[in-house]
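S.K.: mmCIF, C-alpha atoms, file protein_21.cif:
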data_input
loop_
_atom_site.label_atom_id
_atom_site.label_comp_id
_atom_site.auth_asym_id
_atom_site.auth_seq_id
_atom_site.Cartn_x
_atom_site.Cartn_y
_atom_site.Cartn_z
CA MET A 199 -181.60 -45.97 57.06
CA LYS A 200 -183.68 -49.10 56.88
CA VAL A 201 -181.63 -52.26 56.63
CA LEU A 202 -184.30 -54.92 56.90
CA GLY A 203 -187.90 -54.61 55.69
CA SER A 204 -190.65 -56.45 57.56
CA VAL A 205 -190.10 -59.48 55.28
CA GLY A 206 -186.40 -59.39 56.06
CA LYS A 207 -187.06 -59.36 59.81
CA VAL A 208 -189.33 -62.41 59.53
CA VAL A 209 -186.74 -64.24 57.41
CA LEU A 210 -184.01 -63.39 59.93
CA GLY A 211 -186.11 -64.48 62.90
CA VAL A 212 -187.09 -67.81 61.33
CA GLY A 213 -183.52 -68.23 60.05
CA MET A 214 -182.04 -67.77 63.52
CA ALA A 215 -184.47 -70.36 64.92
CA VAL A 216 -183.51 -72.81 62.16
CA ILE A 217 -179.79 -72.19 62.83
CA LEU A 218 -180.32 -72.84 66.54
CA TRP A 219 -182.07 -76.11 65.69
CA ALA A 220 -179.47 -77.11 63.11
CA ALA A 221 -176.53 -76.23 65.35
CA PHE A 222 -177.65 -78.66 68.03
CA LEU A 223 -179.61 -81.32 66.13
CA TYR A 224 -178.61 -81.35 62.45
CA ALA A 225 -174.81 -80.85 62.37
CA HIS A 226 -172.63 -83.67 63.69
CA PRO A 227 -170.02 -82.96 66.36
CA ALA A 228 -166.62 -82.45 64.73
CA GLU A 229 -163.84 -85.00 65.13
CA SER A 230 -161.04 -84.45 67.66
CA PHE A 231 -163.17 -82.28 69.92
CA ILE A 232 -164.40 -83.44 73.33
CA GLY A 233 -168.08 -84.38 73.32
CA GLU A 234 -170.36 -81.78 71.78
CA SER A 235 -168.00 -78.87 72.35
CA SER A 236 -167.42 -78.23 68.63
CA ARG A 237 -170.99 -76.90 68.31
CA ILE A 238 -169.92 -73.62 69.87
CA VAL A 239 -168.23 -72.77 66.57
CA PHE A 240 -171.67 -71.76 65.21
CA PHE A 241 -171.93 -68.99 67.80
CA HIS A 242 -168.39 -68.19 68.89
CA VAL A 243 -166.89 -67.52 65.47
CA PRO A 244 -169.78 -65.29 64.24
CA THR A 245 -169.64 -63.13 67.39
CA ALA A 246 -165.85 -62.80 67.09
CA TRP A 247 -166.22 -61.90 63.41
CA ILE A 248 -168.91 -59.32 64.19
CA SER A 249 -166.76 -57.67 66.85
CA ALA A 250 -163.85 -57.42 64.39
CA LEU A 251 -166.22 -55.98 61.78
CA ALA A 252 -167.65 -53.51 64.30
CA PHE A 253 -164.21 -52.27 65.39
CA LEU A 254 -163.26 -51.91 61.72
CA LEU A 255 -166.41 -49.83 61.18
CA ALA A 256 -165.64 -47.70 64.25
CA ALA A 257 -162.16 -46.94 62.90
CA TRP A 258 -163.53 -46.25 59.41
CA HIS A 259 -166.13 -43.76 60.65
CA SER A 260 -163.60 -42.17 63.03
CA ALA A 261 -161.20 -41.57 60.15
CA LEU A 262 -164.02 -40.14 58.04
CA TYR A 263 -165.07 -37.90 60.92
CA LEU A 264 -161.60 -36.40 61.14
CA LYS A 265 -161.64 -35.90 57.38
CA THR A 266 -165.17 -34.49 56.87
CA ARG A 267 -166.04 -33.21 60.38
CA LYS A 268 -169.62 -34.46 59.97
CA ILE A 269 -170.98 -35.28 63.43
CA GLU A 270 -173.09 -38.14 61.97
CA ARG A 271 -169.84 -40.04 61.42
CA ASP A 272 -169.18 -39.80 65.15
CA ASP A 273 -172.62 -41.26 65.94
CA ALA A 274 -171.81 -44.18 63.65
CA ALA A 275 -168.37 -44.73 65.18
CA ALA A 276 -169.76 -44.68 68.74
CA SER A 277 -172.53 -47.17 67.88
CA ALA A 278 -170.08 -49.49 66.14
CA ALA A 279 -167.70 -49.43 69.12
CA ARG A 280 -170.55 -50.10 71.57
CA LEU A 281 -171.84 -53.08 69.58
CA GLY A 282 -168.26 -54.25 69.05
CA VAL A 283 -167.77 -54.41 72.81
CA LEU A 284 -171.06 -56.30 73.21
CA PHE A 285 -170.11 -58.94 70.63
CA CYS A 286 -166.57 -59.06 71.98
CA VAL A 287 -167.95 -59.94 75.42
CA LEU A 288 -170.10 -62.67 73.81
CA ALA A 289 -167.06 -64.06 71.97
CA THR A 290 -165.03 -64.01 75.19
CA VAL A 291 -167.73 -65.83 77.16
CA THR A 292 -168.41 -68.48 74.49
CA GLY A 293 -164.67 -69.00 74.06
CA SER A 294 -164.27 -69.37 77.79
CA LEU A 295 -167.02 -72.01 77.93
CA PHE A 296 -165.28 -73.93 75.17
CA ALA A 297 -162.00 -73.62 77.09
CA LYS A 298 -163.63 -75.17 80.17
CA VAL A 299 -164.71 -78.24 78.19
CA MET A 300 -161.59 -78.67 76.05
CA TRP A 301 -158.78 -77.47 78.33
CA ASN A 302 -160.53 -77.95 81.69
CA SER A 303 -160.29 -74.31 82.81
CA TYR A 304 -162.30 -71.24 81.93
CA TRP A 305 -159.26 -69.02 81.69
CA ASN A 306 -155.66 -69.98 81.06
CA TRP A 307 -154.12 -66.91 79.37
CA ASP A 308 -153.94 -68.50 75.99
CA PRO A 309 -152.64 -65.82 73.54
CA ARG A 310 -156.15 -65.63 72.05
CA GLN A 311 -157.76 -65.02 75.41
CA THR A 312 -155.15 -62.45 76.31
CA SER A 313 -155.58 -60.51 73.09
CA ILE A 314 -159.39 -60.47 73.23
CA VAL A 315 -159.35 -59.20 76.80
CA LEU A 316 -156.95 -56.42 75.78
CA LEU A 317 -159.37 -55.49 73.01
CA LEU A 318 -162.17 -55.21 75.57
CA LEU A 319 -159.99 -52.94 77.70
CA VAL A 320 -159.06 -50.71 74.75
CA TYR A 321 -162.64 -50.16 73.64
CA GLY A 322 -163.85 -49.90 77.22
CA ALA A 323 -161.39 -47.02 77.60
CA TYR A 324 -162.72 -45.52 74.35
CA LEU A 325 -166.28 -45.53 75.72
CA GLY A 326 -165.00 -44.10 79.00
CA LEU A 327 -163.33 -41.25 77.14
CA ARG A 328 -166.60 -40.49 75.33
CA GLN A 329 -168.46 -40.20 78.63
CA ALA A 330 -165.87 -37.78 80.03
CA ILE A 331 -166.39 -35.10 77.37
CA GLU A 332 -169.56 -33.01 77.23
CA GLU A 333 -169.14 -30.97 74.10
CA PRO A 334 -170.11 -33.04 70.98
CA GLU A 335 -167.49 -31.75 68.52
CA ARG A 336 -164.64 -32.05 70.99
CA ARG A 337 -165.85 -35.50 72.04
CA ALA A 338 -165.99 -36.56 68.41
CA THR A 339 -162.48 -35.36 67.58
CA LEU A 340 -160.70 -36.70 70.64
CA SER A 341 -162.45 -40.06 70.64
CA ALA A 342 -161.83 -40.45 66.90
CA ALA A 343 -158.12 -39.86 67.47
CA TYR A 344 -158.07 -42.39 70.31
CA ALA A 345 -160.07 -44.92 68.29
CA LEU A 346 -157.59 -44.71 65.43
CA VAL A 347 -154.53 -45.07 67.67
CA ALA A 348 -156.28 -48.00 69.34
CA PHE A 349 -157.07 -49.47 65.95
CA ALA A 350 -153.40 -49.25 64.99
CA THR A 351 -152.66 -51.63 67.86
CA VAL A 352 -155.64 -53.90 67.10
CA PRO A 353 -154.12 -55.74 64.11
CA PHE A 354 -151.20 -56.24 66.43
CA LEU A 355 -153.44 -57.91 68.99
CA MET A 356 -155.87 -59.73 66.74
CA PHE A 357 -153.48 -61.05 64.12
CA ALA A 358 -149.79 -60.72 65.00
CA VAL A 359 -149.58 -61.71 68.66
CA PRO A 360 -151.86 -64.80 68.65
CA ARG A 361 -149.97 -66.18 65.66
CA MET A 362 -146.53 -65.52 67.17
CA TYR A 363 -147.01 -67.66 70.26
CA ALA A 364 -148.11 -71.27 70.51
CA SER A 365 -151.85 -71.35 71.11
CA LEU A 366 -154.28 -74.10 72.05
CA HIS A 367 -156.97 -72.34 70.02
CA PRO A 368 -158.30 -74.48 67.15
CA ASP A 369 -157.20 -73.39 63.69
CA THR A 370 -159.02 -70.32 62.47
CA VAL A 371 -161.36 -70.46 59.50
CA ILE A 372 -158.86 -68.30 57.61
CA ASN A 373 -155.85 -70.56 58.14
CA ALA A 374 -152.37 -71.05 56.74
CA ARG A 375 -153.48 -73.81 54.41
CA GLY A 376 -156.06 -71.54 52.81
CA LYS A 377 -159.08 -73.84 52.88
CA VAL A 378 -162.05 -74.48 55.12
CA GLU A 379 -161.63 -77.81 56.88
CA MET A 380 -165.14 -78.75 57.93
CA SER A 381 -167.50 -81.56 57.07
CA PRO A 382 -170.29 -80.45 54.66
CA ASP A 383 -173.10 -80.36 57.26
CA ILE A 384 -171.01 -78.26 59.67
CA LYS A 385 -169.91 -75.99 56.84
CA LEU A 386 -173.53 -75.36 55.78
CA VAL A 387 -174.74 -74.43 59.28
CA PHE A 388 -171.59 -72.43 59.99
CA PHE A 389 -171.81 -70.17 56.96
CA THR A 390 -175.58 -69.72 57.32
CA SER A 391 -174.94 -68.64 60.90
CA MET A 392 -172.23 -66.21 59.78
CA ILE A 393 -174.65 -64.60 57.30
CA ALA A 394 -177.51 -64.47 59.82
CA PHE A 395 -175.33 -62.90 62.53
CA THR A 396 -174.04 -60.34 60.05
CA ALA A 397 -177.62 -59.41 59.09
CA LEU A 398 -178.56 -59.19 62.78
CA PHE A 399 -175.61 -56.90 63.37
CA ALA A 400 -176.56 -54.69 60.43
CA TRP A 401 -180.05 -54.31 61.88
CA MET A 402 -178.85 -53.61 65.44
CA TYR A 403 -176.29 -51.18 64.10
CA ALA A 404 -178.83 -49.20 62.07
CA LEU A 405 -181.14 -48.98 65.11
CA ASP A 406 -178.34 -47.92 67.43
CA VAL A 407 -177.03 -45.25 65.06
CA LYS A 408 -180.55 -43.85 64.79
CA ALA A 409 -180.98 -43.86 68.59
CA THR A 410 -177.58 -42.20 69.14
CA ARG A 411 -178.47 -39.48 66.65
CA LEU A 412 -181.84 -38.82 68.35
CA VAL A 413 -180.23 -38.62 71.79
CA ARG A 414 -177.68 -36.12 70.47
CA ARG A 415 -180.42 -33.99 68.87
CA LEU A 416 -182.37 -33.97 72.14
CA GLU A 417 -179.26 -32.89 74.04
CA GLU A 418 -178.65 -30.13 71.54
CA ARG A 419 -182.22 -28.93 71.88
CA ALA A 420 -181.91 -28.95 75.68
CA ASP A 421 -178.74 -26.85 75.36
CA GLY A 422 -180.80 -24.44 73.28
CA GLY A 423 -180.43 -23.20 69.76
CA HIS A 424 -177.31 -25.13 68.79
CA THR A 425 -178.14 -26.93 65.55
CA ALA A 426 -175.96 -29.48 63.81
CA MET B 75 -137.46 -26.43 60.01
CA ILE B 76 -139.64 -28.84 61.95
CA LEU B 77 -136.61 -30.33 63.69
CA ARG B 78 -135.41 -26.89 64.74
CA ALA B 79 -138.86 -25.97 66.06
CA ALA B 80 -139.07 -29.31 67.88
CA ALA B 81 -135.69 -28.67 69.46
CA ALA B 82 -136.93 -25.23 70.55
CA VAL B 83 -140.04 -26.76 72.17
CA PHE B 84 -137.83 -29.37 73.85
CA VAL B 85 -135.41 -26.75 75.23
CA LYS B 86 -138.30 -24.56 76.41
CA ASP B 87 -139.82 -27.52 78.29
CA LEU B 88 -136.47 -28.43 79.83
CA ARG B 89 -135.99 -24.84 80.96
CA THR B 90 -139.47 -24.49 82.52
CA GLU B 91 -139.15 -27.92 84.09
CA TRP B 92 -135.75 -26.99 85.55
CA ARG B 93 -137.21 -23.89 87.21
CA THR B 94 -139.66 -25.86 89.34
CA ARG B 95 -138.66 -29.50 88.77
CA VAL B 96 -142.26 -30.46 89.68
CA ALA B 97 -142.60 -33.35 87.23
CA LEU B 98 -139.10 -34.69 87.86
CA ASN B 99 -139.53 -34.58 91.63
CA ALA B 100 -142.96 -36.19 91.44
CA LEU B 101 -141.69 -39.02 89.24
CA LEU B 102 -138.56 -39.62 91.31
CA LEU B 103 -140.29 -39.45 94.69
CA PHE B 104 -142.99 -41.83 93.49
CA ALA B 105 -140.44 -44.24 92.01
CA PHE B 106 -138.30 -44.19 95.15
CA SER B 107 -141.30 -44.71 97.45
CA VAL B 108 -142.44 -47.75 95.47
CA LEU B 109 -138.87 -48.99 95.30
CA ILE B 110 -138.59 -48.83 99.08
CA LEU B 111 -141.91 -50.57 99.50
CA VAL B 112 -140.86 -53.36 97.14
CA GLY B 113 -137.38 -53.62 98.62
CA TYR B 114 -138.71 -53.80 102.17
CA ALA B 115 -141.65 -56.12 101.52
CA VAL B 116 -140.06 -58.49 99.00
CA GLY B 117 -136.34 -57.90 99.34
CA PRO B 118 -133.55 -59.85 97.71
CA THR B 119 -133.80 -63.08 99.71
CA ARG B 120 -137.48 -63.69 100.24
CA LEU B 121 -138.08 -65.13 96.77
CA ALA B 122 -137.28 -68.66 95.70
CA LEU B 123 -134.29 -68.70 93.37
CA GLU B 124 -136.26 -69.84 90.30
CA ASP B 125 -138.96 -67.16 90.86
CA ARG B 126 -136.54 -64.25 91.01
CA PRO B 127 -136.12 -63.41 87.31
CA ILE B 128 -139.86 -63.20 86.50
CA VAL B 129 -141.01 -61.55 89.74
CA ASN B 130 -138.20 -58.98 89.64
CA SER B 131 -138.91 -58.19 85.96
CA VAL B 132 -142.59 -57.63 86.70
CA LEU B 133 -141.83 -55.45 89.73
CA LEU B 134 -139.28 -53.35 87.83
CA TRP B 135 -141.73 -52.59 85.03
CA ILE B 136 -144.57 -51.91 87.44
CA VAL B 137 -142.39 -49.28 89.14
CA LEU B 138 -141.45 -47.72 85.79
CA PHE B 139 -144.99 -47.87 84.39
CA PHE B 140 -146.66 -46.22 87.37
CA SER B 141 -143.93 -43.59 87.57
CA ALA B 142 -144.67 -42.76 83.93
CA MET B 143 -148.39 -42.58 84.72
CA THR B 144 -147.82 -40.07 87.54
CA GLY B 145 -145.65 -37.57 85.74
CA LEU B 146 -145.82 -37.80 81.97
CA SER B 147 -149.30 -36.29 81.52
CA ARG B 148 -147.94 -32.91 82.60
CA ALA B 149 -146.45 -32.31 79.15
CA PHE B 150 -149.78 -31.06 77.79
CA VAL B 151 -151.94 -30.67 80.89
CA ASN B 152 -149.57 -27.93 82.02
CA GLU B 153 -149.87 -26.00 78.76
CA GLU B 154 -153.68 -26.06 78.92
CA GLU B 155 -153.84 -25.14 82.60
CA THR B 156 -151.50 -22.18 82.39
CA GLY B 157 -153.13 -21.03 79.16
CA THR B 158 -149.93 -21.21 77.15
CA ALA B 159 -151.26 -23.81 74.72
CA SER B 160 -152.66 -21.20 72.34
CA ALA B 161 -149.35 -19.38 72.16
CA LEU B 162 -147.57 -22.65 71.44
CA ARG B 163 -150.19 -23.44 68.78
CA LEU B 164 -149.39 -20.18 67.03
CA SER B 165 -145.63 -20.39 67.26
CA ALA B 166 -144.81 -23.97 66.25
CA PRO B 167 -146.18 -26.51 63.73
CA PRO B 168 -148.06 -29.45 65.36
CA ALA B 169 -145.49 -32.07 64.34
CA ALA B 170 -142.74 -30.01 66.02
CA VAL B 171 -144.81 -29.66 69.20
CA PHE B 172 -145.40 -33.39 69.36
CA LEU B 173 -141.76 -34.26 68.69
CA GLY B 174 -140.54 -31.72 71.26
CA LYS B 175 -142.95 -33.01 73.91
CA LEU B 176 -142.05 -36.61 73.12
CA LEU B 177 -138.35 -35.84 73.53
CA GLY B 178 -139.11 -34.02 76.78
CA ASN B 179 -141.01 -36.98 78.20
CA LEU B 180 -138.31 -39.35 76.99
CA ALA B 181 -135.64 -37.24 78.74
CA LEU B 182 -137.68 -37.20 81.95
CA LEU B 183 -138.21 -40.96 81.82
CA GLY B 184 -134.53 -41.45 80.95
CA VAL B 185 -133.39 -39.58 84.06
CA VAL B 186 -135.80 -41.56 86.23
CA MET B 187 -134.68 -44.87 84.72
CA ALA B 188 -130.98 -43.99 85.04
CA LEU B 189 -131.48 -43.55 88.79
CA VAL B 190 -134.16 -46.13 89.53
CA VAL B 191 -132.99 -49.14 87.51
CA PRO B 192 -129.48 -49.47 89.06
CA LEU B 193 -130.98 -48.93 92.48
CA PHE B 194 -133.60 -51.62 91.81
CA LEU B 195 -130.93 -54.07 90.65
CA ALA B 196 -128.89 -53.38 93.77
CA LEU B 197 -131.78 -53.44 96.27
CA MET B 198 -133.17 -56.70 94.90
CA SER B 199 -129.78 -58.32 94.08
CA PHE B 200 -131.24 -58.76 90.62
CA GLY B 201 -128.45 -60.01 88.35
CA ILE B 202 -128.55 -59.44 84.59
CA ALA B 203 -126.94 -62.08 82.37
CA ALA B 204 -127.23 -60.15 79.09
CA PRO B 205 -126.64 -56.42 79.76
CA GLY B 206 -126.87 -55.52 76.05
CA LEU B 207 -130.30 -57.08 75.71
CA PHE B 208 -131.40 -55.49 78.98
CA LEU B 209 -130.36 -52.02 77.77
CA ALA B 210 -132.16 -52.55 74.44
CA ILE B 211 -135.33 -53.60 76.26
CA LEU B 212 -135.09 -50.59 78.59
CA ALA B 213 -134.54 -48.19 75.67
CA PHE B 214 -137.35 -49.47 73.45
CA GLY B 215 -139.63 -49.86 76.47
CA ALA B 216 -138.98 -46.24 77.43
CA ILE B 217 -139.74 -45.06 73.88
CA GLY B 218 -143.00 -47.02 73.93
CA LEU B 219 -144.03 -45.64 77.34
CA ALA B 220 -143.10 -42.07 76.38
CA SER B 221 -144.76 -42.06 72.93
CA ALA B 222 -148.08 -43.50 74.11
CA SER B 223 -148.07 -41.23 77.20
CA THR B 224 -147.35 -38.13 75.14
CA PHE B 225 -150.21 -38.77 72.74
CA ILE B 226 -152.68 -39.69 75.49
CA ALA B 227 -151.58 -36.60 77.45
CA ALA B 228 -152.53 -34.44 74.47
CA ILE B 229 -156.02 -36.02 74.49
CA VAL B 230 -156.69 -35.82 78.24
CA ALA B 231 -155.44 -32.22 78.43
CA LYS B 232 -158.65 -31.30 76.56
CA THR B 233 -161.00 -33.13 78.91
CA ALA B 234 -162.37 -32.24 82.33
CA ALA B 235 -161.16 -35.30 84.27
CA LYS B 236 -157.51 -35.15 83.26
CA GLY B 237 -155.70 -37.24 85.85
CA ALA B 238 -158.15 -40.11 86.19
CA LEU B 239 -158.60 -40.49 82.46
CA PHE B 240 -154.88 -40.54 81.66
CA ALA B 241 -154.18 -43.93 83.24
CA VAL B 242 -157.46 -45.39 81.95
CA LEU B 243 -156.64 -44.49 78.34
CA ALA B 244 -152.92 -45.25 78.43
CA THR B 245 -152.96 -48.60 80.22
CA PRO B 246 -154.71 -50.75 77.59
CA LEU B 247 -152.50 -49.32 74.84
CA LEU B 248 -149.37 -49.99 76.90
CA LEU B 249 -150.17 -53.55 78.00
CA PRO B 250 -148.73 -55.29 74.89
CA PRO B 251 -145.35 -53.50 75.03
CA LEU B 252 -145.19 -53.93 78.81
CA VAL B 253 -145.75 -57.67 78.50
CA ALA B 254 -142.97 -57.79 75.89
CA ALA B 255 -140.70 -55.70 78.13
CA VAL B 256 -141.28 -57.98 81.12
CA THR B 257 -140.62 -61.08 79.01
CA GLY B 258 -137.49 -59.50 77.55
CA THR B 259 -136.19 -58.49 81.00
CA ARG B 260 -136.73 -62.00 82.33
CA ILE B 261 -134.80 -63.44 79.39
CA ALA B 262 -132.02 -60.88 79.86
CA ALA B 263 -131.73 -61.95 83.51
CA THR B 264 -131.34 -65.64 82.73
CA GLU B 265 -129.99 -66.11 79.17
CA PRO B 266 -126.52 -64.70 78.44
CA GLU B 267 -127.13 -64.79 74.69
CA LEU B 268 -128.56 -61.74 72.97
CA ALA B 269 -130.48 -63.78 70.39
CA ALA B 270 -132.78 -65.35 73.00
CA GLY B 271 -134.59 -62.10 73.65
CA LEU B 272 -134.73 -60.83 70.10
CA ASP B 273 -138.47 -61.56 69.76
CA ALA B 274 -139.27 -59.23 72.64
CA VAL B 275 -137.05 -56.49 71.20
CA ARG B 276 -138.74 -56.90 67.82
CA LEU B 277 -142.20 -56.64 69.37
CA LEU B 278 -141.23 -53.51 71.27
CA PHE B 279 -139.67 -51.99 68.16
CA ALA B 280 -142.83 -52.71 66.14
CA PHE B 281 -145.05 -51.18 68.80
CA ASP B 282 -142.86 -48.07 69.08
CA GLY B 283 -142.92 -47.64 65.30
CA ILE B 284 -146.71 -48.03 65.04
CA MET B 285 -147.37 -45.79 68.04
CA ILE B 286 -145.11 -42.94 66.88
CA THR B 287 -146.38 -43.07 63.29
CA ALA B 288 -150.03 -43.11 64.35
CA SER B 289 -149.40 -40.30 66.85
CA PHE B 290 -147.78 -38.07 64.23
CA LEU B 291 -150.70 -38.64 61.84
CA LEU B 292 -153.38 -37.96 64.45
CA PHE B 293 -151.76 -35.34 66.64
CA ASP B 294 -152.78 -32.53 64.30
CA ALA B 295 -156.50 -33.14 64.89
CA VAL B 296 -156.13 -33.41 68.68
CA TRP B 297 -153.86 -30.37 68.99
CA ARG B 298 -156.07 -28.05 66.93
CA GLU B 299 -159.28 -29.10 68.73
#
What does this structure look like when you write it as structure tokens?
M.R.:
Amino acid sequence: MKVLGSVGKVVLGVGMAVILWAAFLYAHPAESFIGESSRIVFFHVPTAWISALAFLLAAWHSALYLKTRKIERDDAAASAARLGVLFCVLATVTGSLFAKVMWNSYWNWDPRQTSIVLLLLVYGAYLGLRQAIEEPERRATLSAAYALVAFATVPFLMFAVPRMYASLHPDTVINARGKVEMSPDIKLVFFTSMIAFTALFAWMYALDVKATRLVRRLEERADGGHTA
Amino acid sequence: MILRAAAAVFVKDLRTEWRTRVALNALLLFAFSVLILVGYAVGPTRLALEDRPIVNSVLLWIVLFFSAMTGLSRAFVNEEETGTASALRLSAPPAAVFLGKLLGNLALLGVVMALVVPLFLALMSFGIAAPGLFLAILAFGAIGLASASTFIAAIVAKTAAKGALFAVLATPLLLPPLVAAVTGTRIAATEPELAAGLDAVRLLFAFDGIMITASFLLFDAVWRE
């Protein structure tokens, strides 16, 4: 599947450069944040959103695999989980940098930090399980079951726990008051960045699914005669 | 029908376990060894008074968690290794197998806890201010440990690296309930009122509910693989 044509890739590339410029030079630093630290919102929130989206996709394709038993669904779930871990690491690191500036320590076991690190562990274990099983169908079934059980605890980690305990984390974009509290220039750059990161993810995801599928076909050919 | 089959699976497991007592002995020996290590190295007097509740709660749950990790995977690994899994697959519906195995693991963990927890309290002079809350935390914690372990055991029984994978897969799932159990135990040690620890009990209850529901829904696919 082709997500971005050549025009789309150029638009995305130029767009990302413009966002980078705007994030540091166009948008003003937000009030009540130390120095320039608020600028990390343009990168931290999109990566966190992409990792949530990727884990949702992994669960969706895992459920569909168990329903339809089409091995392509397993390729999609594995790619989504891999990219989810990548973006989750990026969100953890950017969040940690922000924590150093605002709270004067990289890591202080804020409920948000705790829950994101648990997420990394859960999906790390998922990828570990995948590596431990040779046979594609068995790997697909068992890892889909684990992904879904893990996903059942994810809403727990991502939404319930951080909101139950007092957190130093700034209010989320989706907050209790139900409106986005940003100045217009920040809002513009922020939502452009969200869209651009989502497009980037869609592109990376399509490439990774394709690569996973090719690797699996090659393995099948090496095993000899077994066709999917 | 399913309940009767589950009871049959449970009784069968108890009977085979009683013949060798491999899992029970492994769990108990492990728990006692760690208990002795903790009792000797930390002891009742070496901690500052204000540190005791939290450190003792953490140590207690570490002992229980690692005991669960050593013995509870046998529920399914055994069936696959001895080749009896196929017979079980033919003779009982999946939901009954899961429920029977869950009850078996819960019974095993219950026996271990009944022996280890009083001993831990005595060895560490660890006083509990709210026994009711403490018992609730222990019960819901045990259900959480047993349900996640049972489901993960069913998965790892189908893989080549059974033992190593079991702890890797189970630990991240069990961290949230373990944190709640440790918090609840600390509160039970210091606050005499039941209400103080209700949040921890609620969290454990929610986790147990989610874990058991998800396991029942997904066990079918894992078991038939």
S.K.: Let me make sure I understand: among A:Asn306, A:Thr290, A:Ser341, A:Ser235, which one has the smallest atom-to-atom distance to Leu318 of chain A if we use only C-alpha atoms?
M.R.: A:Thr290
S.K.: Give me the result of the PyMOL selection byres ((chain B) within 7 of (chain A)) on this file, residue by residue, as a list in words.
M.R.: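 Listing what the PyMOL selection byres ((chain B) within 7 of (chain A)) selects in the shown file: Ile229, Thr233, Ala234, Ala235, Val242, Leu243, Pro246, Leu247, Ile284, Ala288, Leu292, Ala295, Val296 and Glu299 of chain B.
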S.K.: Apply the PyMOL selection byres ((chain A and resi 262) around 12) to the file shown and report the selected residues as a list of chain:residue names.
M.R.: A:Leu255, A:Ala256, A:Ala257, A:Trp258, A:His259, A:Ser260, A:Ala261, A:Tyr263, A:Leu264, A:Lys265, A:Thr266, A:Arg267, A:Lys268, A:Ile269, A:Glu270, A:Arg271, A:Asp272, A:Asp273, A:Ala274, A:Ala275, A:Ala338, A:Thr339, A:Ala342, A:Ala343, A:Ala345, A:Leu346
S.K.: Report, in Å with one decimal, the straight-line distance from atom CA of Gly145 of chain B to atom CA of Leu101 of chain B.
M.R.: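 Separation of atom CA of Gly145 of chain B and atom CA of Leu101 of chain B: 5.5 Å.
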S.K.: Apply the PyMOL selection byres ((chain B and resi 166) around 10) to the file shown and report the selected residues as a ChimeraX atom specification.
M.R.: /B:75-76,78-80,82-83,161-165,167-172
